[in-house]
Each structure stands twice: as structure tokens, then as C-alpha cells.
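Asker: The following file, run26.txt, comprises compact mmCIF, C-alpha atoms:
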```
# COMPACT_ATOMS: atom_id res chain seq x y z
CA MET L 566 -17.91 -2.56 -16.33
CA ARG L 567 -15.99 0.68 -16.30
CA VAL L 568 -13.45 0.92 -19.10
CA ILE L 569 -10.40 3.10 -18.78
CA GLY L 570 -9.63 4.97 -21.99
CA LYS L 571 -6.08 5.48 -23.20
CA PRO L 572 -4.69 9.02 -22.96
CA ALA L 573 -3.92 10.87 -26.18
CA THR L 574 -0.38 10.52 -27.46
CA SER L 575 0.17 14.24 -27.88
CA SER L 576 2.23 16.19 -25.39
CA THR L 577 0.37 16.09 -22.10
CA THR L 578 0.68 16.37 -18.39
CA ALA L 579 -0.26 13.59 -16.00
CA SER L 580 -3.22 13.79 -13.66
CA PRO L 581 -2.75 15.82 -10.47
CA THR L 582 -1.16 14.22 -7.43
CA LEU L 583 -3.70 12.55 -5.20
CA ALA L 584 -4.58 14.37 -2.02
CA SER L 585 -3.23 13.03 1.26
CA PRO L 586 -5.67 10.66 2.97
CA PRO L 587 -7.50 11.88 6.06
CA SER L 588 -6.04 10.95 9.41
CA SER L 589 -7.00 7.45 10.54
CA SER L 590 -7.32 8.48 14.19
CA SER L 591 -10.85 8.62 15.57
CA SER L 592 -12.64 9.36 18.82
CA GLY L 593 -14.98 7.09 20.70
CA ALA L 594 -14.82 3.30 21.07
CA THR L 595 -11.78 1.52 19.73
CA ALA L 596 -11.02 -2.09 18.98
CA GLY L 597 -8.09 -2.34 21.40
CA PRO L 598 -4.38 -2.53 20.67
CA SER L 599 -4.66 -5.43 18.20
CA ALA L 600 -7.13 -3.73 15.84
CA PRO L 601 -5.71 -1.78 12.86
CA ALA L 602 -6.79 1.82 12.34
CA LEU L 603 -8.82 1.84 9.16
CA SER L 604 -8.80 4.80 6.81
CA PRO L 605 -12.03 6.75 6.14
CA GLN L 606 -11.34 5.92 2.47
CA LEU L 607 -12.28 2.29 3.08
CA PRO L 608 -16.08 2.53 2.52
CA TRP L 609 -15.73 3.53 -1.15
CA LEU L 610 -12.76 1.21 -1.62
CA LEU L 611 -14.90 -1.61 -0.25
CA LEU L 612 -17.64 -0.74 -2.73
CA ARG L 613 -15.12 -0.82 -5.59
CA LEU L 614 -13.96 -4.25 -4.46
CA LEU L 615 -17.48 -5.66 -4.24
CA LEU L 616 -18.32 -4.35 -7.71
CA ARG L 617 -15.00 -5.72 -8.95
CA ARG L 618 -15.86 -9.22 -7.73
CA GLY L 619 -18.84 -9.33 -10.10
CA ALA L 620 -16.82 -7.85 -12.96
CA MET L 621 -14.11 -10.47 -12.51
CA LYS L 622 -16.66 -13.27 -12.74
CA ARG L 623 -18.19 -11.83 -15.92
CA ASP L 624 -14.85 -11.35 -17.69
CA PRO L 625 -15.19 -13.39 -20.92
CA LEU L 626 -11.68 -12.81 -22.24
CA PRO L 627 -9.34 -15.82 -22.24
CA LYS L 628 -6.23 -15.20 -20.16
CA GLN L 629 -2.65 -15.85 -21.19
CA GLN L 630 0.53 -15.90 -19.19
CA GLN L 631 2.56 -12.74 -18.70
CA HIS L 632 4.98 -13.40 -21.55
CA PRO L 633 3.47 -12.83 -25.01
CA PRO L 634 3.31 -15.98 -27.19
CA GLN L 635 5.23 -14.36 -30.04
CA ALA L 636 8.26 -13.68 -27.82
CA ALA L 637 10.70 -16.49 -28.53
CA GLU L 638 13.68 -14.66 -27.06
CA HIS L 639 13.84 -14.21 -23.29
CA LEU L 640 16.51 -12.09 -21.66
CA SER L 641 17.42 -12.38 -18.02
CA GLY L 642 17.45 -9.17 -16.04
CA ARG L 643 21.26 -9.19 -16.08
CA GLN L 644 21.39 -9.75 -19.84
CA ALA L 645 18.92 -6.92 -20.41
CA GLU L 646 21.01 -4.63 -18.24
CA GLU L 647 24.22 -5.54 -20.06
CA GLU L 648 22.67 -4.90 -23.46
CA GLY L 649 21.43 -1.52 -22.22
CA GLN L 650 24.81 -0.38 -20.91
CA GLY L 651 26.38 2.73 -22.33
CA GLU L 652 25.65 6.41 -22.24
CA MET L 653 22.23 7.52 -21.14
CA PRO L 654 20.06 8.47 -24.15
CA THR L 655 19.41 12.21 -24.25
CA SER L 656 16.45 13.09 -26.44
CA PRO L 657 14.21 11.35 -27.04
CA LEU L 658 14.37 9.35 -23.81
CA TRP L 659 11.89 6.61 -22.97
CA VAL L 660 10.96 5.79 -19.36
CA PHE L 661 9.21 2.50 -18.56
CA GLY L 662 6.73 2.42 -15.68
CA TYR L 663 5.20 -0.74 -14.22
CA GLY L 664 3.71 0.56 -10.95
CA SER L 665 2.08 3.90 -10.15
CA LEU L 666 3.73 5.44 -13.22
CA VAL L 667 1.22 3.62 -15.46
CA TRP L 668 -1.67 5.79 -14.20
CA ARG L 669 0.05 8.75 -12.53
CA PRO L 670 3.38 9.64 -14.17
CA GLY L 671 3.43 13.17 -12.77
CA PHE L 672 5.56 14.65 -15.56
CA GLU L 673 5.07 15.95 -19.09
CA PHE L 674 5.70 13.54 -21.96
CA ALA L 675 5.45 13.54 -25.75
CA SER L 676 3.78 10.14 -26.18
CA ARG L 677 3.13 6.86 -24.38
CA LYS L 678 2.97 3.21 -25.39
CA VAL L 679 1.64 0.15 -23.58
CA GLY L 680 4.01 -2.80 -23.81
CA TYR L 681 6.35 -5.09 -21.92
CA ILE L 682 9.94 -5.83 -20.96
CA ARG L 683 11.46 -9.32 -20.71
CA GLY L 684 13.63 -10.89 -18.05
CA TYR L 685 11.72 -9.49 -15.05
CA SER L 686 8.61 -10.30 -13.02
CA ARG L 687 6.64 -7.68 -11.06
CA ARG L 688 6.36 -8.32 -7.31
CA PHE L 689 4.90 -6.48 -4.31
CA TRP L 690 8.17 -6.84 -2.43
CA GLN L 691 9.14 -3.20 -1.87
CA GLY L 692 8.19 -1.36 1.30
CA ASP L 693 6.86 2.20 1.14
CA THR L 694 6.94 4.57 4.12
CA PHE L 695 6.02 7.74 2.20
CA HIS L 696 3.65 7.39 -0.78
CA ARG L 697 1.51 4.41 0.34
CA GLY L 698 2.59 3.80 3.93
CA SER L 699 4.28 5.25 6.99
CA GLU L 700 7.26 4.50 9.21
CA LYS L 701 5.01 2.68 11.68
CA MET L 702 2.99 0.88 9.00
CA PRO L 703 4.87 0.50 5.70
CA GLY L 704 2.86 -0.14 2.58
CA ARG L 705 3.66 -2.65 -0.17
CA VAL L 706 4.46 -1.48 -3.71
CA VAL L 707 5.93 -3.23 -6.72
CA THR L 708 9.47 -3.73 -7.88
CA LEU L 709 11.04 -6.02 -10.49
CA GLN L 710 12.61 -9.38 -9.78
CA GLU L 711 15.02 -10.96 -12.26
CA ASP L 712 13.24 -13.89 -13.91
CA TYR L 713 14.61 -15.63 -17.01
CA ASN L 714 11.13 -16.41 -18.35
CA GLY L 715 9.51 -13.35 -16.85
CA CYS L 716 7.70 -10.55 -18.64
CA THR L 717 6.35 -7.34 -17.12
CA TRP L 718 3.72 -5.15 -18.77
CA GLY L 719 3.50 -1.41 -18.26
CA VAL L 720 3.74 1.93 -20.03
CA ALA L 721 6.73 3.61 -21.68
CA TYR L 722 6.75 7.41 -21.87
CA GLU L 723 8.63 9.32 -24.55
CA LEU L 724 10.43 12.44 -23.32
CA ARG L 725 11.74 15.09 -25.68
CA GLY L 726 13.73 18.30 -25.30
CA ASP L 727 13.31 20.04 -21.96
CA GLN L 728 11.00 17.24 -20.77
CA VAL L 729 14.04 14.96 -20.26
CA ALA L 730 15.85 16.98 -17.58
CA ALA L 731 12.65 18.05 -15.81
CA SER L 732 11.22 14.52 -15.72
CA LEU L 733 14.44 12.88 -14.53
CA LYS L 734 14.76 15.44 -11.74
CA TYR L 735 11.20 14.68 -10.64
CA LEU L 736 11.60 10.90 -10.93
CA ASN L 737 14.89 10.84 -9.04
CA VAL L 738 13.11 12.36 -6.04
CA ARG L 739 9.93 10.29 -6.38
CA GLU L 740 11.55 6.92 -7.15
CA ALA L 741 15.16 7.09 -5.92
CA VAL L 742 15.22 9.43 -2.92
CA LEU L 743 11.76 8.63 -1.52
CA GLY L 744 11.35 5.13 -2.96
CA GLY L 745 14.81 3.56 -2.79
CA TYR L 746 14.90 2.61 -6.49
CA ILE L 747 17.89 2.48 -8.83
CA THR L 748 17.90 2.87 -12.63
CA LYS L 749 18.63 0.41 -15.41
CA LEU L 750 18.25 0.42 -19.18
CA VAL L 751 16.02 -2.31 -20.64
CA LYS L 752 14.48 -3.25 -23.97
CA PHE L 753 10.83 -2.25 -24.22
CA TYR L 754 8.48 -3.97 -26.68
CA PRO L 755 5.38 -1.92 -27.66
CA GLN L 756 2.10 -3.83 -27.59
CA GLU L 757 0.85 -2.72 -31.01
CA GLU L 758 4.14 -2.75 -32.92
CA GLU L 759 5.29 -6.36 -32.89
CA SER L 760 7.31 -6.04 -36.09
CA GLU L 761 9.35 -3.04 -34.95
CA GLU L 762 12.64 -3.09 -33.07
CA PRO L 763 12.42 -2.81 -29.26
CA ILE L 764 12.97 0.59 -27.67
CA LEU L 765 15.71 1.21 -25.11
CA ALA L 766 14.02 2.55 -21.98
CA LEU L 767 15.00 3.68 -18.49
CA VAL L 768 13.39 1.75 -15.62
CA TYR L 769 13.47 2.19 -11.84
CA ILE L 770 14.00 -1.00 -9.81
CA ALA L 771 14.13 -1.52 -6.04
CA THR L 772 16.81 -4.08 -5.16
CA PRO L 773 17.16 -6.14 -1.95
CA GLN L 774 20.01 -3.84 -0.92
CA ASN L 775 17.77 -0.82 -0.28
CA PRO L 776 16.57 -0.32 3.34
CA SER L 777 12.86 -0.35 2.43
CA TYR L 778 12.97 -3.73 0.68
CA LEU L 779 10.57 -6.23 2.34
CA GLY L 780 11.02 -9.28 0.14
CA PRO L 781 8.71 -12.23 -0.57
CA ALA L 782 5.53 -12.99 1.37
CA SER L 783 2.34 -14.90 0.72
CA GLU L 784 -0.44 -13.17 -1.22
CA GLU L 785 -2.61 -13.26 1.91
CA ASP L 786 0.07 -11.60 4.07
CA ILE L 787 0.71 -8.94 1.42
CA ALA L 788 -3.02 -8.22 1.18
CA ALA L 789 -3.28 -7.93 4.97
CA GLN L 790 -0.45 -5.40 5.01
CA ILE L 791 -1.94 -3.40 2.14
CA ILE L 792 -5.31 -3.14 3.92
CA VAL L 793 -3.93 -1.17 6.87
CA SER L 794 -1.43 1.08 5.03
CA SER L 795 -1.79 4.56 3.61
CA GLY L 796 0.55 7.44 2.83
CA ARG L 797 0.89 10.85 1.20
CA ALA L 798 -0.40 9.62 -2.19
CA GLY L 799 -3.38 7.71 -0.82
CA HIS L 800 -4.37 4.32 0.53
CA ASN L 801 -2.32 1.27 -0.38
CA ILE L 802 -5.51 -0.49 -1.50
CA GLU L 803 -6.00 2.17 -4.16
CA TYR L 804 -2.50 1.49 -5.48
CA LEU L 805 -3.32 -2.19 -5.93
CA LEU L 806 -6.71 -1.50 -7.56
CA GLN L 807 -5.27 1.04 -10.01
CA LEU L 808 -2.59 -1.41 -11.12
CA ALA L 809 -5.11 -4.23 -11.47
CA ASP L 810 -7.39 -1.93 -13.49
CA PHE L 811 -4.53 -1.11 -15.85
CA MET L 812 -3.74 -4.78 -16.45
CA ARG L 813 -7.38 -5.79 -16.84
CA TYR L 814 -8.33 -3.06 -19.32
CA CYS L 815 -5.11 -2.18 -21.14
CA CYS L 816 -3.62 -5.70 -21.24
CA PRO L 817 -6.73 -7.94 -21.08
CA GLN L 818 -4.95 -10.89 -22.70
CA VAL L 819 -2.34 -11.07 -19.93
CA GLU L 820 -2.65 -13.07 -16.70
CA ASP L 821 -0.62 -11.42 -13.92
CA GLU L 822 -0.99 -14.21 -11.37
CA HIS L 823 0.86 -12.44 -8.54
CA LEU L 824 -1.13 -9.20 -8.86
CA PHE L 825 -4.54 -10.79 -9.30
CA SER L 826 -3.96 -13.28 -6.45
CA ILE L 827 -3.31 -10.39 -4.06
CA GLU L 828 -6.43 -8.65 -5.38
CA GLU L 829 -8.51 -11.77 -4.71
CA ALA L 830 -7.05 -12.08 -1.21
CA LEU L 831 -7.93 -8.44 -0.58
CA ILE L 832 -11.50 -8.97 -1.75
CA SER L 833 -11.94 -11.85 0.68
CA ILE L 834 -10.38 -10.04 3.67
CA LEU L 835 -11.58 -6.43 3.43
CA PRO L 836 -15.37 -6.93 3.92
CA CYS L 837 -14.80 -8.90 7.14
CA LEU L 838 -12.33 -6.33 8.46
CA TYR L 839 -14.60 -3.37 7.69
CA GLN L 840 -17.68 -5.04 9.17
CA GLY L 841 -15.76 -5.73 12.34
CA GLU L 842 -14.77 -2.06 12.65
CA GLU L 843 -18.36 -0.95 12.00
CA THR L 844 -19.71 -3.22 14.78
CA ILE L 845 -17.18 -1.85 17.27
CA VAL L 846 -18.11 1.76 16.47
CA GLN L 847 -21.85 1.04 16.89
CA GLU L 848 -21.24 -0.50 20.31
```
Show how you would write the structure in this file as C-alpha cells.
Answerer:
Amino acid sequence: MRVIGKPATSSTTASPTLASPPSSSSSGATAGPSAPALSPQLPWLLLRLLLRRGAMKRDPLPKQQQHPPQAAEHLSGRQAEEEGQGEMPTSPLWVFGYGSLVWRPGFEFASRKVGYIRGYSRRFWQGDTFHRGSEKMPGRVVTLQEDYNGCTWGVAYELRGDQVAASLKYLNVREAVLGGYITKLVKFYPQEEESEEPILALVYIATPQNPSYLGPASEEDIAAQIIVSSGRAGHNIEYLLQLADFMRYCCPQVEDEHLFSIEEALISILPCLYQGEETIVQE
């Protein structure tokens, strides 16, 4: 099983932006109007999924629910927002990521901590027509839903000095302008510092009021939409796998039922879909 190491906590820059996926158009036989156009990325994504199926079965670690057992206090999303009201912290500023920010922040930071926030659950309810989808075929990415007993795990990044203004400028374009997210202040609890006070952190949340919001759907329907979507940052499948990898290796004690159910649905659907495309091409 491949293990993802944690980045060093010294000042660093995130990994480069992923290249745009190749065009999904192809010449020759097609499957007709009802068949989705599959990305050339799918063969290696399929291999990752098949290898993942075996790794999931061999996982010996006992799973727990999203909220950590030591957390007796649970704040609703509204309560967390109210407690975080006030002037925006200047330096240092912490930014909490729970989606693509956990593996590809894209900005310089002083340090990072794995941990969680309370009062929210992570859901694949936000549409994406730029990073992981298109106008014709929107992808599915995560946002936060207020949940009294909810707990969402992710990564908080510490910004200092000039990093604050530069990072916020970058994030406002990536998350707000292109993603439709708004900002809130929440309490962040580091994974390895249970005795310390929580850290006030900035978080980007997509609400039902933004035009790209898709809302609830079954895990199977979400997986089916993810399979056929890709955008400037890569295939939507890759987004799901990267997030699942983060949870499995950085938070192995946590059971993210929503995320892992979509992953399982994807594993069951993708081989059949790819085999069908391969048969059509051979004919």
C-alpha cells in the first residue's frame, strides 16, 4: 500500500498545478448519443481503483465516526460562525482546507496541521464547471453542510507576513470567483494537540445560494457524474481519489461514510463503463 508522507512544516510552496486533461473527443467509432465521452486519463485511474479495492479489503485499522471521541462539545455551523465573528486575523492567519486544498494548496505557507472542525459535514454537493468539470458536464466537488453533530477533517495552513495577502488573493480567485464559495471563521482543532486551545481559521464554503450548487444526490448518482467529468485541474475521479487517500492515510482512525461510499460506488461502476468503451472502439 502506498503511504503518503506529510510535508515538512517549514515554509514551502505547494505542488505545481495539474496539467489540463487531454481532450475527450476521438475519431472513429462512437457509442452513440447516450454514451459519455471518457477521458484518456481513465486507464490509469481504473488501475488505481482496482489496486485500491485490494488495499481497502486489507485495511486492518478499526474505523471510527467522523467526530473524535474526545470531543464532548459540538458547535453547529451557525454557532461556529458566530464565535468566529470579528475582524479578520492578519498575521498569522490560518486557512482550513477540506477539499483539494489538502493536497494542492497552491500558495506558500509557514506550516500545516491536520485536524478537524466541528458543526459541519463534508458533502459532494457543489458543482464545478472549471476545475473538475465543464459547462456541459459539471463535476462534483465538496462543500460543508451545517450539521450539529458533524465533524470535518482536513488541513489548516499557517500564513505569515506577505504570505497572507498573496494567498488570500489567490484563494479568492480559485475558491470564490471560480468556485462560488464564501468565507467563514471556524474553530480548528489540530490532530496532535488535543490539550491546546483551538485555532481560529478561515474556511471557504459553497452555500445553496450560489449558482453552481447541485445539492444532495445518492452516492451512486454522484459517482456516475464524477466518472464523466473533467476540467482544467484534471479528471473529477482524481479529485475523489486524492481526497480519499488523504483521509485513509492522514486520518486512518476516521470513517468518512459519505466520501468512502462514493468511492465504493465508483469502483463498482468504472470497470464496466471502461470495458464498454473499449469494446465499442475495437468494433
Asker: So which one's closest to L:Ala731, L:Gly715, L:Gly796, L:Gly684, L:Gly671? Using all atoms listed in the file, please.
Answerer: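 Checking each candidate against L:Ala731, we get L:Gly671 as the closest.
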Asker: Could I get the residues of stretch 712-783 of chain L with an atom no further than 8 Å from an atom of stretch 663-669 of chain L, each paired with its nearest atom pair and that distance in Å to one decimal, using all atoms listed in the file, sorted by chain and residue number, as a Markdown table?
Answerer:
```
| residue | atom | partner | partner_atom | distance |
| --- | --- | --- | --- | --- |
| L:Thr717 | CA | L:Tyr663 | CA | 7.3 |
| L:Trp718 | CA | L:Tyr663 | CA | 6.5 |
| L:Gly719 | CA | L:Tyr663 | CA | 4.4 |
| L:Val720 | CA | L:Val667 | CA | 5.5 |
```
Asker: Using all atoms listed in the file for the distances, tell me which of L:Ser686, L:Ser676, L:Gln774, L:Thr694 is nearest to L:His800.
Answerer: L:Thr694
Asker: Between L:Phe661, L:Tyr769, L:Phe753, L:Phe674, which is the closest to L:Gln728 once you count all atoms listed in the file?
Answerer: L:Phe674
Asker: List the neighbours of L:Leu709 out to 6 Å using all atoms listed in the file; skip same-chain residues closer than 3 positions along the sequence, and give me the result as a PDB file with C-alpha atoms, keeping the file's coordinate frame.
Answerer:
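Final output, saved to result-v6.pdb:
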```pdb
ATOM      1  CA  TYR L 685      11.720  -9.490 -15.050  1.00  0.00           C
ATOM      2  CA  SER L 686       8.610 -10.300 -13.020  1.00  0.00           C
ATOM      3  CA  ARG L 687       6.640  -7.680 -11.060  1.00  0.00           C
ATOM      4  CA  ILE L 770      14.000  -1.000  -9.810  1.00  0.00           C
TER       5      ILE L 770
END
```
Asker: Have a look at L:Asp727, L:Ala771, L:Arg739, L:Glu762 and name the one nearest to L:Glu711; count only C-alpha atoms.
Answerer: L:Ala771
Asker: Would you kindly return, as a PDB file with C-alpha atoms, in the coordinates of the input, each protein, DNA or RNA residue with an atom no farther than 8 Å from any atom of L:Ala766, considering all atoms listed in the file and excluding same-chain residues fewer than 5 positions away?
Answerer:
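Done, and the output landed in result19.pdb:
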```pdb
ATOM      1  CA  LEU L 658      14.370   9.350 -23.810  1.00  0.00           C
ATOM      2  CA  TRP L 659      11.890   6.610 -22.970  1.00  0.00           C
ATOM      3  CA  VAL L 660      10.960   5.790 -19.360  1.00  0.00           C
ATOM      4  CA  PHE L 661       9.210   2.500 -18.560  1.00  0.00           C
ATOM      5  CA  ALA L 721       6.730   3.610 -21.680  1.00  0.00           C
ATOM      6  CA  LEU L 750      18.250   0.420 -19.180  1.00  0.00           C
ATOM      7  CA  VAL L 751      16.020  -2.310 -20.640  1.00  0.00           C
ATOM      8  CA  LYS L 752      14.480  -3.250 -23.970  1.00  0.00           C
ATOM      9  CA  PHE L 753      10.830  -2.250 -24.220  1.00  0.00           C
TER      10      PHE L 753
END
```
Asker: Which neighbours of L:Leu831 fall inside 10 Å, counting all atoms listed in the file, when residues of the same chain fewer than 6 positions from it are skipped, and could you give them as a list in words?
Answerer: Leu611, Leu614, Glu784, Glu785, Asp786, Ile787, Ala788, Ala789, Gln790, Ile791, Ile792, Ile802, Leu805, Leu806 and Phe825 of chain L
Asker: Can you tell me, as a list in words, what residues are no more than 8 Å from L:Met812 when counting all atoms listed in the file, ignoring any on the same chain fewer than 4 positions away?
Answerer: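 These residues fall inside the cut-off: Trp718, Leu808, Cys816, Pro817, Val819 and Asp821 of chain L.
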Asker: Between L:Asp693, L:Asp712, L:Glu673, L:Glu723, which is the closest to L:Pro657 once you count only C-alpha atoms?
Answerer: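 For L:Pro657, the nearest of the given residues is L:Glu723.
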